[in-house]
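Below: one structure, written as structure tokens.
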Amino acid sequence: MTASRVYMGAMTYPISNTFVAACFGLANLGFASLGFAPAAVAESPADMARIEVLPGWQMDNGHQMAAIRITLAPGWHTYWRAPGEAGIPPQFDWSGSENVSAVTVHWPVPELFSQNGMWYLGYEREVVLPIEITPNAAGDIALDGVMDLGVCNDICMPLQAAIGATFAQNARTGSLADSGQIRKALTDQPQKITGARCSATPCPTGCA
């Protein structure tokens, strides 16, 4: 995996191989800090979430199993693909990629939360989203996309992350620690339930 660049608005910053994305708010927010603020109220998008690409490994079928790791500041959460009564589901646009025919997100099991009388499904602290990249042909894979997501604390904020990574044909394996995180997330997938039955009883005097 070669070096990548972070895109924040119209400015670019060279970075190391692992930190390959940065968040920027759709609102008018500054970019003074790339770390987490100690307070729960964030002053910049990077205070809310940090996004990285984990290179993973080349699969037997020629696909690349990588992952997007989202690290959230204390008190902040983001959402599952179907968030429930509230929330912004993450969305991806990989149209800028080269030698990529499909990207499949393998969503880990979310947590169930309740806030202001509404239920939602999502993640706190950190989540690793395995992504299976299907190339068009043999050769290097250039992943170039945009991820839109919502992060919430007492308020909700839409964020956008520019994600870029290159997976070389003969060097598509990341560190054992990162690969272990991806494998753990792959084993934590939602399972289908069959044979479930539900029943309902009306409330004689109404339900409060």
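By convention here, the chains of the structure tokens are called A, B, ... in the order presented, each chain's residues are numbered starting at 1, and ligands are numbered starting at 1 in the order presented.
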- [ ] Within region 86-201 of chain A, find each residue whose DSSP state, derived from the backbone, is alpha helix (DSSP H), and express the selection as a list in words.
- [x]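 Here are the alpha helix (DSSP H) residues of region 86-201 of chain A: Leu176, Ala177, Asp178, Ser179, Gly180, Gln181, Ile182, Arg183, Lys184, Ala185, Leu186 and Thr187 of chain A.
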Closest atom pairs, residues of region 54-102 of chain A within 10 Å of region 174-189 of chain A, only C-alpha atoms, as CSV:
```
residue,atom,partner,partner_atom,distance
A:Leu54,CA,A:Asp178,CA,6.2
A:Pro55,CA,A:Gly174,CA,5.1
A:Gly56,CA,A:Gly174,CA,5.0
A:Trp57,CA,A:Gly174,CA,6.4
A:Gln58,CA,A:Gly174,CA,9.7
A:Met65,CA,A:Ile182,CA,8.3
A:Ala66,CA,A:Ile182,CA,7.3
A:Ala67,CA,A:Ile182,CA,6.4
A:Ile68,CA,A:Ile182,CA,9.1
A:Arg69,CA,A:Ile182,CA,9.2
```
